Amino acid sequence: MPESEVLARLEQAKKVYRTGDTMITALDSTTMEVRSRELVLVEGPSGSGKTTLISLIGCVIYPTEGEVFVRGTLTSSLNDRQLSRLRLNNIGFVFQNFNLIAPFSALDNVAFPLRLMGKSGREARREAMAQLEKLGLADRRKNRPRELSGGQKQRVAIARALATNPRILLCDEPTASLDHRSLEKIMSELRSLSREGKAVVVVTHDPRLEAYADRIISVEDGRIVDEKYNRD
Amino acid sequence: MFRQALQFINYDKPKAFGATLGVLVAIFLIGQQAGIFIFLTSLMTTLVDNSKADIWVANEKARDANRLGTIDMRYALELKSVPGVDIVSPLVLAGASAKLRNGEQLPVQLVGVEAPEFLLEPWRVTEGSKFGLLDNGGVSVDIFDISSMDSLEIGEPLEISGRRSYVKTITRGARGFGGTLMVTTAGRARALGQVPGNKASAILLTVKEGYSPDSVAAAINRSFFGIRAWERKAFSQQTRQENLSNSGIGTSTFTLIIFAIISGMVIIGLTLYSAAIERLNDYATMKAIGASNGYVTRIILSQALLIATVGFALAAALLAGFQKGIANAGVIFDYGWMLWAGLLLATLLLSLGGALLAIFRIRKVEPASVFR
């Protein structure tokens, strides 16, 4: 079996939000790694710091203290533009509410990150079409998000996240609105993506997902309180 | 980029329509005011601009070609001796009252010119010719100044200052700033307007080849007292400046244009801002995926540019219609490429300026907000 590599690393990363005069520590000094070929589940109650953790790994926020490395790059050394580029090239997102761009068709949603990478419109749409075909959505390519069902939106969101072939896939409650069959299908897909060499991080409340995870991290009050490995 | 901007516009048609309407109304109002302004300023200088004279010589106090005062005709003889002067021709402006065949009374300004030089001849002639003015009682009239124009014909009689005159030349749009212009011979203008034979309103000059009007005018101004020589364009400019500073036309037009720009910018700004607010989540998603602030800024600017293009095209079509329609009422003007360029610039200013508010808001959106 090929060796896994560290794709993201948090070193004593802390995130504090300021609301008026109040300082809220969303994530206390946390050290962790995300490696290729693993599916990591991040569990915890609402407000525990899961979202902050995934936001730091996803480079959408800077840590208040400590350091975050993504594929060896220290994120706090990058400006807005460089950080955007780092996200684009390395990280795919699947959001809880899908967050498909409403004015775009399914095809254009998937093509969007490819356009950001500098591909021509035609090339981006061709590659996006291939992704949609893989997920059985070719016939819905012209539909806008509001014309798609929840499951279809989910698949478009996954197609978009995978379009740029990122090494890290971050999924925020990806099965929240899915029935058991769809859940199984999505989680199996995410697991096989991890086996192909990606790091898949899934934030969830759903204990049913534990069966698919290689590692389960529990977060409470802004700290990692437990970390266990599934050996199967 | 434009494709994505177009998709945003297409998704929220009512707001795109509102912003386009904002551009259309603002640009149309600016163009309309500018058109009227061009027309009025062209009327101010119409006598000078339509003359063939290189130099206008008038009373030293005259600053407006429509209010010249009088100078002694002896200057005409003396001016002939100035090196470089070619043709010397007096111009007589005189107020009179015309009574039309239908009984209508009309205050007119007679413009008396000398033949055969005709250094100021009737312009925009549609019927007859300048030579008709040499006939007994011959005058030119403009169809827009005469309410009974349907019956206006060459040879039709009218009474000017109690004397019988005849329409010998008909013009379309040769109108004066101070009132109705009627061109006739200098002698007839003197007789009908009761101007003494030894007086003229101005003396029009042409210069010989090889001489510049500026240097000849300067030579006249050095040698003569009581009169002042103006190079034609300089006198036109002086006349415009004099009228604008005394009439308030410039100030009121400028104020209206500024208000049109402000109101247009507010309409467009608020519409684009409200459209951006509704799509905050989409822009945040774009940023989370990897779009930089610069990229989303360009998407919003592209939307503004597309709206500006459509708004400008519609406004230009309406203005062309307005120009044509108002020309039928005798308000004839030409926008010219510079004004069109100015309107295009104003459109860009409105649209891109209006987009600023939306841009500032979108740039502040944190990509992390997509996780909340």
# chains A, B, ... in the order shown; residues from 1 in each chain; ligands from 1
>>> closest_atom_pairs(of="chain A", to="chain B", cutoff="9 Å", atoms="only C-alpha atoms", output="Markdown table")
| residue | atom | partner | partner_atom | distance |
| --- | --- | --- | --- | --- |
| A:Thr51 | CA | B:Phe371 | CA | 6.6 |
| A:Thr52 | CA | B:Ala368 | CA | 8.7 |
| A:Ile54 | CA | B:Phe371 | CA | 8.9 |
| A:Ser55 | CA | B:Ala368 | CA | 6.4 |
| A:Gly58 | CA | B:Ala288 | CA | 8.5 |
| A:Cys59 | CA | B:Ala288 | CA | 8.6 |
| A:Val60 | CA | B:Ala368 | CA | 5.2 |
| A:Ile61 | CA | B:Ala368 | CA | 6.4 |
| A:Asp80 | CA | B:Ser292 | CA | 6.9 |
| A:Arg81 | CA | B:Ser292 | CA | 5.3 |
| A:Gln82 | CA | B:Ser292 | CA | 8.5 |
| A:Leu83 | CA | B:Gly290 | CA | 8.0 |
| A:Ser84 | CA | B:Gly290 | CA | 4.4 |
| A:Arg85 | CA | B:Gly290 | CA | 5.9 |
| A:Leu86 | CA | B:Gly290 | CA | 7.7 |
| A:Arg87 | CA | B:Gly290 | CA | 5.5 |
| A:Leu88 | CA | B:Gly290 | CA | 4.4 |
| A:Asn89 | CA | B:Gly290 | CA | 8.2 |
| A:Ile91 | CA | B:Ile289 | CA | 8.0 |
| A:Gly92 | CA | B:Ile289 | CA | 7.2 |
| A:Phe93 | CA | B:Ile289 | CA | 7.0 |
| A:Phe95 | CA | B:Phe371 | CA | 6.9 |
| A:Gln96 | CA | B:Phe371 | CA | 7.5 |
| A:Asn97 | CA | B:Val370 | CA | 8.8 |
| A:Asn99 | CA | B:Thr285 | CA | 6.4 |
| A:Leu100 | CA | B:Asp282 | CA | 7.4 |
| A:Ile101 | CA | B:Asp282 | CA | 5.0 |
| A:Ala102 | CA | B:Asp282 | CA | 6.8 |
| A:Pro103 | CA | B:Tyr11 | CA | 5.3 |
| A:Phe104 | CA | B:Gln7 | CA | 6.4 |
| A:Ser105 | CA | B:Gln7 | CA | 9.0 |
| A:Asp108 | CA | B:Gln4 | CA | 8.7 |
| A:Phe112 | CA | B:Met286 | CA | 8.4 |
| A:Pro113 | CA | B:Ile289 | CA | 6.7 |
| A:Leu116 | CA | B:Ala291 | CA | 6.5 |
| A:Met117 | CA | B:Gly290 | CA | 8.8 |
| A:Ala161 | CA | B:Ile289 | CA | 8.3 |
| A:Asp172 | CA | B:Phe371 | CA | 7.4 |
>>> write_last_selection(atoms="N, CA and C atoms", output="JSON list (two decimals), in the first residue's frame")
[["chain", "number", "residue", "atom", "x", "y", "z"],
["A", 51, "THR", "N", -16.53, 23.75, 12.90],
["A", 51, "THR", "CA", -16.51, 24.60, 11.70],
["A", 51, "THR", "C", -15.24, 25.43, 11.64],
["A", 52, "THR", "N", -14.80, 25.89, 12.82],
["A", 52, "THR", "CA", -13.55, 26.68, 12.84],
["A", 52, "THR", "C", -12.38, 25.80, 12.41],
["A", 54, "ILE", "N", -12.44, 23.18, 10.43],
["A", 54, "ILE", "CA", -12.50, 22.93, 8.98],
["A", 54, "ILE", "C", -12.18, 24.22, 8.19],
["A", 55, "SER", "N", -12.55, 25.37, 8.78],
["A", 55, "SER", "CA", -12.25, 26.65, 8.12],
["A", 55, "SER", "C", -10.75, 26.90, 8.08],
["A", 58, "GLY", "N", -9.31, 24.55, 5.63],
["A", 58, "GLY", "CA", -9.73, 25.01, 4.30],
["A", 58, "GLY", "C", -9.17, 26.35, 3.90],
["A", 59, "CYS", "N", -8.37, 26.97, 4.76],
["A", 59, "CYS", "CA", -7.72, 28.26, 4.46],
["A", 59, "CYS", "C", -8.72, 29.36, 4.16],
["A", 60, "VAL", "N", -9.90, 29.32, 4.76],
["A", 60, "VAL", "CA", -10.82, 30.44, 4.56],
["A", 60, "VAL", "C", -10.70, 31.44, 5.71],
["A", 61, "ILE", "N", -9.96, 31.06, 6.76],
["A", 61, "ILE", "CA", -9.63, 32.02, 7.83],
["A", 61, "ILE", "C", -8.17, 31.82, 8.22],
["A", 80, "ASP", "N", -4.41, 37.62, 0.57],
["A", 80, "ASP", "CA", -5.75, 37.15, 0.16],
["A", 80, "ASP", "C", -5.69, 36.41, -1.18],
["A", 81, "ARG", "N", -4.98, 36.98, -2.12],
["A", 81, "ARG", "CA", -4.93, 36.40, -3.45],
["A", 81, "ARG", "C", -4.18, 35.05, -3.45],
["A", 82, "GLN", "N", -3.09, 35.01, -2.71],
["A", 82, "GLN", "CA", -2.30, 33.76, -2.65],
["A", 82, "GLN", "C", -3.07, 32.66, -1.92],
["A", 83, "LEU", "N", -3.81, 33.10, -0.89],
["A", 83, "LEU", "CA", -4.59, 32.12, -0.12],
["A", 83, "LEU", "C", -5.73, 31.56, -0.99],
["A", 84, "SER", "N", -6.34, 32.43, -1.79],
["A", 84, "SER", "CA", -7.40, 31.99, -2.72],
["A", 84, "SER", "C", -6.83, 30.95, -3.67],
["A", 85, "ARG", "N", -5.65, 31.23, -4.17],
["A", 85, "ARG", "CA", -4.99, 30.33, -5.12],
["A", 85, "ARG", "C", -4.67, 28.99, -4.47],
["A", 86, "LEU", "N", -4.22, 29.05, -3.21],
["A", 86, "LEU", "CA", -3.90, 27.82, -2.47],
["A", 86, "LEU", "C", -5.16, 26.96, -2.31],
["A", 87, "ARG", "N", -6.28, 27.61, -1.97],
["A", 87, "ARG", "CA", -7.56, 26.89, -1.84],
["A", 87, "ARG", "C", -7.96, 26.25, -3.16],
["A", 88, "LEU", "N", -7.87, 27.09, -4.21],
["A", 88, "LEU", "CA", -8.32, 26.64, -5.53],
["A", 88, "LEU", "C", -7.54, 25.39, -5.98],
["A", 89, "ASN", "N", -6.25, 25.39, -5.74],
["A", 89, "ASN", "CA", -5.41, 24.32, -6.26],
["A", 89, "ASN", "C", -5.39, 23.07, -5.39],
["A", 91, "ILE", "N", -7.83, 22.41, -2.43],
["A", 91, "ILE", "CA", -8.95, 22.06, -1.54],
["A", 91, "ILE", "C", -10.28, 22.09, -2.30],
["A", 92, "GLY", "N", -11.06, 21.07, -2.08],
["A", 92, "GLY", "CA", -12.42, 21.04, -2.61],
["A", 92, "GLY", "C", -13.39, 21.11, -1.45],
["A", 93, "PHE", "N", -14.47, 21.87, -1.66],
["A", 93, "PHE", "CA", -15.44, 22.04, -0.56],
["A", 93, "PHE", "C", -16.80, 21.44, -0.95],
["A", 95, "PHE", "N", -20.37, 21.92, 0.81],
["A", 95, "PHE", "CA", -20.99, 22.65, 1.92],
["A", 95, "PHE", "C", -22.29, 22.00, 2.36],
["A", 96, "GLN", "N", -22.66, 22.30, 3.61],
["A", 96, "GLN", "CA", -23.87, 21.71, 4.18],
["A", 96, "GLN", "C", -25.11, 22.03, 3.33],
["A", 97, "ASN", "N", -25.21, 23.30, 2.93],
["A", 97, "ASN", "CA", -26.38, 23.69, 2.12],
["A", 97, "ASN", "C", -26.04, 23.71, 0.64],
["A", 99, "ASN", "N", -24.47, 25.21, -1.33],
["A", 99, "ASN", "CA", -23.90, 26.48, -1.79],
["A", 99, "ASN", "C", -23.57, 26.49, -3.27],
["A", 100, "LEU", "N", -24.51, 25.99, -4.04],
["A", 100, "LEU", "CA", -24.32, 26.13, -5.49],
["A", 100, "LEU", "C", -24.62, 27.58, -5.85],
["A", 101, "ILE", "N", -23.92, 28.10, -6.82],
["A", 101, "ILE", "CA", -24.09, 29.51, -7.18],
["A", 101, "ILE", "C", -25.40, 29.62, -7.98],
["A", 102, "ALA", "N", -26.36, 30.33, -7.38],
["A", 102, "ALA", "CA", -27.74, 30.29, -7.88],
["A", 102, "ALA", "C", -27.90, 30.71, -9.34],
["A", 103, "PRO", "N", -27.21, 31.77, -9.81],
["A", 103, "PRO", "CA", -27.44, 32.17, -11.20],
["A", 103, "PRO", "C", -26.82, 31.22, -12.23],
["A", 104, "PHE", "N", -25.94, 30.32, -11.78],
["A", 104, "PHE", "CA", -25.25, 29.45, -12.74],
["A", 104, "PHE", "C", -26.01, 28.14, -12.92],
["A", 105, "SER", "N", -25.88, 27.56, -14.09],
["A", 105, "SER", "CA", -26.42, 26.22, -14.33],
["A", 105, "SER", "C", -25.54, 25.21, -13.59],
["A", 108, "ASP", "N", -22.21, 25.13, -15.25],
["A", 108, "ASP", "CA", -21.37, 26.31, -14.97],
["A", 108, "ASP", "C", -20.87, 26.32, -13.53],
["A", 112, "PHE", "N", -16.97, 26.47, -12.88],
["A", 112, "PHE", "CA", -16.46, 27.71, -12.28],
["A", 112, "PHE", "C", -15.03, 27.61, -11.73],
["A", 113, "PRO", "N", -14.74, 26.62, -10.86],
["A", 113, "PRO", "CA", -13.35, 26.56, -10.35],
["A", 113, "PRO", "C", -12.34, 26.31, -11.46],
["A", 116, "LEU", "N", -11.57, 29.54, -12.91],
["A", 116, "LEU", "CA", -10.67, 30.27, -12.00],
["A", 116, "LEU", "C", -9.22, 29.82, -12.19],
["A", 117, "MET", "N", -9.07, 28.55, -12.55],
["A", 117, "MET", "CA", -7.71, 28.02, -12.74],
["A", 117, "MET", "C", -7.10, 28.49, -14.06],
["A", 161, "ALA", "N", -16.61, 20.20, -6.31],
["A", 161, "ALA", "CA", -15.47, 20.08, -5.40],
["A", 161, "ALA", "C", -14.35, 19.24, -6.02],
["A", 172, "ASP", "N", -18.81, 19.59, 4.80],
["A", 172, "ASP", "CA", -19.52, 20.06, 5.99],
["A", 172, "ASP", "C", -20.91, 19.43, 5.98]]
>>> residues_around(residues="segment 218-228 of chain A", least_positions_apart="5", cutoff="8 Å", atoms="only C-alpha atoms", output="JSON list (two decimals) with all heavy atoms, in the first residue's frame")
[["chain", "number", "residue", "atom", "x", "y", "z"],
["A", 25, "THR", "N", -13.22, 32.26, 22.19],
["A", 25, "THR", "CA", -12.23, 31.32, 21.64],
["A", 25, "THR", "C", -12.99, 30.18, 20.97],
["A", 25, "THR", "O", -13.56, 29.32, 21.63],
["A", 25, "THR", "CB", -11.32, 30.77, 22.76],
["A", 25, "THR", "OG1", -10.72, 31.90, 23.42],
["A", 25, "THR", "CG2", -10.24, 29.87, 22.21],
["A", 26, "ALA", "N", -12.99, 30.22, 19.64],
["A", 26, "ALA", "CA", -13.72, 29.19, 18.89],
["A", 26, "ALA", "C", -12.91, 27.90, 18.83],
["A", 26, "ALA", "O", -13.47, 26.80, 18.85],
["A", 26, "ALA", "CB", -14.02, 29.68, 17.49],
["A", 27, "LEU", "N", -11.59, 28.05, 18.76],
["A", 27, "LEU", "CA", -10.72, 26.87, 18.75],
["A", 27, "LEU", "C", -9.47, 27.20, 19.56],
["A", 27, "LEU", "O", -8.78, 28.17, 19.27],
["A", 27, "LEU", "CB", -10.34, 26.49, 17.31],
["A", 27, "LEU", "CG", -9.64, 25.14, 17.16],
["A", 27, "LEU", "CD1", -10.63, 23.98, 17.36],
["A", 27, "LEU", "CD2", -8.99, 25.01, 15.80],
["A", 28, "ASP", "N", -9.24, 26.38, 20.57],
["A", 28, "ASP", "CA", -8.06, 26.62, 21.40],
["A", 28, "ASP", "C", -6.86, 25.92, 20.77],
["A", 28, "ASP", "O", -7.02, 25.12, 19.86],
["A", 28, "ASP", "CB", -8.33, 26.10, 22.82],
["A", 28, "ASP", "CG", -7.64, 26.97, 23.87],
["A", 28, "ASP", "OD1", -6.77, 27.76, 23.47],
["A", 28, "ASP", "OD2", -8.01, 26.88, 25.04],
["A", 29, "SER", "N", -5.70, 26.23, 21.30],
["A", 29, "SER", "CA", -4.46, 25.71, 20.70],
["A", 29, "SER", "C", -4.59, 24.24, 20.30],
["A", 29, "SER", "O", -4.68, 23.37, 21.16],
["A", 29, "SER", "CB", -3.31, 25.88, 21.69],
["A", 29, "SER", "OG", -3.20, 27.24, 22.01],
["A", 30, "THR", "N", -4.62, 24.02, 19.03],
["A", 30, "THR", "CA", -4.89, 22.68, 18.51],
["A", 30, "THR", "C", -3.78, 22.24, 17.56],
["A", 30, "THR", "O", -3.37, 23.01, 16.69],
["A", 30, "THR", "CB", -6.24, 22.66, 17.75],
["A", 30, "THR", "OG1", -7.25, 23.00, 18.68],
["A", 30, "THR", "CG2", -6.53, 21.30, 17.14],
["A", 42, "VAL", "N", -14.94, 14.59, 11.79],
["A", 42, "VAL", "CA", -14.83, 15.54, 12.89],
["A", 42, "VAL", "C", -16.22, 15.66, 13.51],
["A", 42, "VAL", "O", -17.16, 16.11, 12.85],
["A", 42, "VAL", "CB", -14.31, 16.93, 12.42],
["A", 42, "VAL", "CG1", -14.22, 17.89, 13.60],
["A", 42, "VAL", "CG2", -12.97, 16.79, 11.73],
["A", 43, "GLU", "N", -16.34, 15.22, 14.73],
["A", 43, "GLU", "CA", -17.65, 15.21, 15.41],
["A", 43, "GLU", "C", -17.65, 16.21, 16.56],
["A", 43, "GLU", "O", -16.58, 16.56, 17.08],
["A", 43, "GLU", "CB", -17.93, 13.83, 16.00],
["A", 43, "GLU", "CG", -18.17, 12.75, 14.99],
["A", 43, "GLU", "CD", -18.44, 11.41, 15.69],
["A", 43, "GLU", "OE1", -17.89, 11.18, 16.80],
["A", 43, "GLU", "OE2", -19.20, 10.62, 15.12],
["A", 44, "GLY", "N", -18.82, 16.55, 16.96],
["A", 44, "GLY", "CA", -18.93, 17.42, 18.13],
["A", 44, "GLY", "C", -20.25, 18.16, 18.10],
["A", 44, "GLY", "O", -20.86, 18.31, 17.04],
["A", 45, "PRO", "N", -20.70, 18.62, 19.25],
["A", 45, "PRO", "CA", -21.97, 19.36, 19.28],
["A", 45, "PRO", "C", -21.84, 20.72, 18.60],
["A", 45, "PRO", "O", -20.73, 21.18, 18.32],
["A", 45, "PRO", "CB", -22.23, 19.53, 20.78],
["A", 45, "PRO", "CG", -20.91, 19.38, 21.44],
["A", 45, "PRO", "CD", -20.07, 18.50, 20.57],
["A", 47, "GLY", "N", -21.37, 24.47, 17.99],
["A", 47, "GLY", "CA", -20.57, 25.47, 18.71],
["A", 47, "GLY", "C", -19.32, 24.89, 19.33],
["A", 47, "GLY", "O", -18.64, 25.57, 20.11],
["A", 48, "SER", "N", -18.99, 23.65, 19.00],
["A", 48, "SER", "CA", -17.83, 23.02, 19.64],
["A", 48, "SER", "C", -16.51, 23.45, 19.00],
["A", 48, "SER", "O", -15.45, 23.27, 19.60],
["A", 48, "SER", "CB", -17.97, 21.50, 19.55],
["A", 48, "SER", "OG", -18.07, 21.11, 18.19],
["A", 49, "GLY", "N", -16.57, 23.98, 17.77],
["A", 49, "GLY", "CA", -15.33, 24.41, 17.10],
["A", 49, "GLY", "C", -15.04, 23.62, 15.83],
["A", 49, "GLY", "O", -14.00, 23.81, 15.21],
["A", 50, "LYS", "N", -15.99, 22.73, 15.46],
["A", 50, "LYS", "CA", -15.79, 21.90, 14.25],
["A", 50, "LYS", "C", -15.62, 22.78, 13.01],
["A", 50, "LYS", "O", -14.71, 22.57, 12.20],
["A", 50, "LYS", "CB", -17.02, 21.00, 13.98],
["A", 50, "LYS", "CG", -17.43, 20.08, 15.08],
["A", 50, "LYS", "CD", -18.50, 19.11, 14.59],
["A", 50, "LYS", "CE", -19.78, 19.77, 14.14],
["A", 50, "LYS", "NZ", -20.56, 20.36, 15.20]]
>>> residues_around(residues="segment 175-192 of chain B", least_positions_apart="4", cutoff="7 Å", atoms="only C-alpha atoms", output="PyMOL selection string")
chain B and resi 43-44+46+91-92+94+96+107-114+122+133-134+138-142+145+160-161+196-197
>>> write_last_selection(atoms="N, CA, C and O atoms", output="CSV table (one decimal), in the first residue's frame")
chain,number,residue,atom,x,y,z
B,43,LEU,N,-27.4,79.4,-31.2
B,43,LEU,CA,-28.2,80.6,-31.5
B,43,LEU,C,-27.5,81.9,-31.1
B,43,LEU,O,-27.5,82.9,-31.8
B,44,MET,N,-26.8,81.9,-30.0
B,44,MET,CA,-26.1,83.0,-29.5
B,44,MET,C,-25.1,83.5,-30.5
B,44,MET,O,-24.8,84.7,-30.7
B,46,THR,N,-24.9,82.5,-33.8
B,46,THR,CA,-25.3,82.1,-35.2
B,46,THR,C,-24.9,83.2,-36.2
B,46,THR,O,-24.4,82.8,-37.3
B,91,LEU,N,-22.4,95.8,-41.9
B,91,LEU,CA,-23.5,94.9,-41.4
B,91,LEU,C,-24.4,95.8,-40.6
B,91,LEU,O,-24.0,96.6,-39.7
B,92,VAL,N,-25.7,95.8,-40.9
B,92,VAL,CA,-26.7,96.6,-40.2
B,92,VAL,C,-27.7,95.7,-39.4
B,92,VAL,O,-28.3,94.8,-40.1
B,94,ALA,N,-31.0,95.8,-37.0
B,94,ALA,CA,-32.0,96.8,-36.6
B,94,ALA,C,-33.3,96.1,-36.2
B,94,ALA,O,-33.7,95.1,-36.8
B,96,ALA,N,-37.3,95.8,-35.8
B,96,ALA,CA,-38.5,96.2,-36.5
B,96,ALA,C,-39.7,95.4,-36.2
B,96,ALA,O,-39.6,94.4,-35.4
B,107,PRO,N,-42.2,90.8,-33.8
B,107,PRO,CA,-41.0,91.6,-33.6
B,107,PRO,C,-39.8,90.9,-34.3
B,107,PRO,O,-39.7,89.7,-34.1
B,108,VAL,N,-39.1,91.6,-35.2
B,108,VAL,CA,-38.0,90.9,-35.9
B,108,VAL,C,-36.7,91.7,-35.8
B,108,VAL,O,-36.7,92.9,-35.4
B,109,GLN,N,-35.6,91.0,-36.0
B,109,GLN,CA,-34.3,91.6,-36.1
B,109,GLN,C,-33.9,91.6,-37.5
B,109,GLN,O,-33.7,90.5,-38.1
B,110,LEU,N,-33.8,92.8,-38.1
B,110,LEU,CA,-33.3,92.8,-39.5
B,110,LEU,C,-31.8,92.7,-39.6
B,110,LEU,O,-31.1,93.3,-38.8
B,111,VAL,N,-31.3,91.9,-40.5
B,111,VAL,CA,-29.9,91.7,-40.7
B,111,VAL,C,-29.6,92.2,-42.1
B,111,VAL,O,-29.9,91.6,-43.1
B,112,GLY,N,-29.0,93.4,-42.1
B,112,GLY,CA,-28.7,94.0,-43.4
B,112,GLY,C,-27.3,93.8,-43.9
B,112,GLY,O,-26.4,94.0,-43.2
B,113,VAL,N,-27.2,93.2,-45.1
B,113,VAL,CA,-25.9,92.9,-45.6
B,113,VAL,C,-25.7,93.5,-47.0
B,113,VAL,O,-26.7,93.8,-47.6
B,114,GLU,N,-24.5,93.7,-47.4
B,114,GLU,CA,-24.3,94.3,-48.7
B,114,GLU,C,-24.0,93.3,-49.8
B,114,GLU,O,-23.3,92.3,-49.5
B,122,PRO,N,-28.2,84.6,-46.0
B,122,PRO,CA,-29.1,83.7,-45.4
B,122,PRO,C,-28.5,82.2,-45.4
B,122,PRO,O,-28.0,81.9,-46.5
B,133,LEU,N,-32.9,88.8,-52.4
B,133,LEU,CA,-32.9,89.9,-51.4
B,133,LEU,C,-32.7,91.2,-52.1
B,133,LEU,O,-33.0,92.3,-51.6
B,134,LEU,N,-32.1,91.1,-53.4
B,134,LEU,CA,-31.8,92.3,-54.1
B,134,LEU,C,-33.1,92.9,-54.8
B,134,LEU,O,-33.1,94.0,-55.2
B,138,GLY,N,-37.2,92.7,-50.8
B,138,GLY,CA,-36.9,91.3,-50.6
B,138,GLY,C,-36.3,91.1,-49.2
B,138,GLY,O,-35.4,91.8,-48.7
B,139,VAL,N,-36.9,90.1,-48.5
B,139,VAL,CA,-36.4,89.7,-47.2
B,139,VAL,C,-36.4,88.2,-47.1
B,139,VAL,O,-37.1,87.5,-47.9
B,140,SER,N,-35.6,87.6,-46.2
B,140,SER,CA,-35.6,86.2,-45.9
B,140,SER,C,-36.4,85.9,-44.7
B,140,SER,O,-36.4,86.8,-43.8
B,141,VAL,N,-37.2,84.8,-44.6
B,141,VAL,CA,-37.9,84.5,-43.4
B,141,VAL,C,-37.6,83.0,-43.1
B,141,VAL,O,-37.3,82.2,-44.0
B,142,ASP,N,-37.7,82.7,-41.8
B,142,ASP,CA,-37.5,81.3,-41.5
B,142,ASP,C,-38.9,80.6,-41.2
B,142,ASP,O,-39.7,81.2,-40.4
B,145,ASP,N,-40.2,80.5,-37.6
B,145,ASP,CA,-40.5,81.8,-36.9
B,145,ASP,C,-41.9,82.3,-37.3
B,145,ASP,O,-42.4,83.3,-36.7
B,160,ILE,N,-43.3,95.4,-43.1
B,160,ILE,CA,-42.3,95.7,-42.1
B,160,ILE,C,-42.2,97.2,-41.9
B,160,ILE,O,-41.9,97.9,-42.8
B,161,SER,N,-42.4,97.5,-40.6
B,161,SER,CA,-42.4,98.9,-40.2
B,161,SER,C,-43.3,99.8,-41.2
B,161,SER,O,-42.9,100.9,-41.6
B,196,PRO,N,-29.5,105.5,-39.3
B,196,PRO,CA,-28.9,106.5,-40.2
B,196,PRO,C,-28.0,105.9,-41.2
B,196,PRO,O,-27.3,104.9,-40.9
B,197,GLY,N,-27.9,106.6,-42.3
B,197,GLY,CA,-27.1,106.1,-43.5
B,197,GLY,C,-25.6,106.1,-43.2
B,197,GLY,O,-24.9,105.3,-43.8
>>> closest_residue(among="B:Lys130, B:Arg124, B:Lys15, B:Arg101", to="Gly330 of chain B", atoms="only C-alpha atoms")
B:Arg124
>>> residues_around(residues="segment 31-37 of chain A", least_positions_apart="3", cutoff="7 Å", atoms="only C-alpha atoms", output="PyMOL selection string")
chain A and resi 4-13+194-199
>>> residues_around(residues="Ser89 of chain B", least_positions_apart="6", cutoff="7 Å", atoms="only C-alpha atoms", output="compact mmCIF listing (two decimals) with all heavy atoms, in the first residue's frame")
# COMPACT_ATOMS: atom_id res chain seq x y z
N GLU B 114 -24.51 93.65 -47.38
CA GLU B 114 -24.28 94.29 -48.67
C GLU B 114 -24.01 93.28 -49.76
O GLU B 114 -23.26 92.33 -49.55
CB GLU B 114 -23.13 95.30 -48.56
CG GLU B 114 -23.70 96.68 -48.54
CD GLU B 114 -22.69 97.80 -48.64
OE1 GLU B 114 -21.52 97.55 -48.99
OE2 GLU B 114 -23.10 98.92 -48.35
N ILE B 203 -18.59 96.21 -39.15
CA ILE B 203 -18.02 96.16 -40.50
C ILE B 203 -17.32 94.80 -40.61
O ILE B 203 -16.48 94.46 -39.76
CB ILE B 203 -17.06 97.33 -40.75
CG1 ILE B 203 -17.87 98.64 -40.74
CG2 ILE B 203 -16.33 97.16 -42.07
CD1 ILE B 203 -17.03 99.88 -40.65
N LEU B 204 -17.73 94.08 -41.63
CA LEU B 204 -17.17 92.74 -41.80
C LEU B 204 -16.04 92.79 -42.82
O LEU B 204 -16.15 93.48 -43.84
CB LEU B 204 -18.25 91.76 -42.29
CG LEU B 204 -19.56 91.73 -41.48
CD1 LEU B 204 -20.49 90.62 -41.99
CD2 LEU B 204 -19.30 91.51 -40.00
N LEU B 205 -14.97 92.09 -42.51
CA LEU B 205 -13.79 92.12 -43.37
C LEU B 205 -13.36 90.72 -43.75
O LEU B 205 -13.50 89.79 -42.96
CB LEU B 205 -12.61 92.78 -42.64
CG LEU B 205 -12.80 94.11 -41.92
CD1 LEU B 205 -11.49 94.48 -41.21
CD2 LEU B 205 -13.19 95.20 -42.90
>>> atom_distance(atom1="atom CA of Pro157 of chain B", atom2="atom CA of Gly137 of chain B")
8.9 Å
>>> select_by_dssp(residues="chain A", states="strand (DSSP E or B)", output="ChimeraX atom specification")
/A:6-19,22-35,38-43,65-70,73-74,91-94,168-172,199-204,215-220,223-229
>>> select_by_dssp(residues="chain A", states="helix (DSSP H, G or I)", output="MDAnalysis selection string")
chainID A and resid 50:57 75:77 80:90 106:116 121:134 138:140 145:147 150:163 180:195 207:212
>>> decode(residues="segment 112-116 of chain B", atoms="N, CA and C atoms", output="short mmCIF file (atom, residue, chain, number, x, y, z; two decimals), in the first residue's frame")
data_model
loop_
_atom_site.label_atom_id
_atom_site.label_comp_id
_atom_site.auth_asym_id
_atom_site.auth_seq_id
_atom_site.Cartn_x
_atom_site.Cartn_y
_atom_site.Cartn_z
N GLY B 112 -29.02 93.43 -42.13
CA GLY B 112 -28.75 94.05 -43.43
C GLY B 112 -27.34 93.77 -43.89
N VAL B 113 -27.22 93.18 -45.05
CA VAL B 113 -25.90 92.85 -45.60
C VAL B 113 -25.74 93.49 -46.97
N GLU B 114 -24.51 93.65 -47.38
CA GLU B 114 -24.28 94.29 -48.67
C GLU B 114 -24.01 93.28 -49.76
N ALA B 115 -24.64 93.51 -50.90
CA ALA B 115 -24.37 92.70 -52.07
C ALA B 115 -23.30 93.44 -52.88
N PRO B 116 -22.55 92.83 -53.67
CA PRO B 116 -22.62 91.38 -53.97
C PRO B 116 -21.75 90.55 -53.05
#
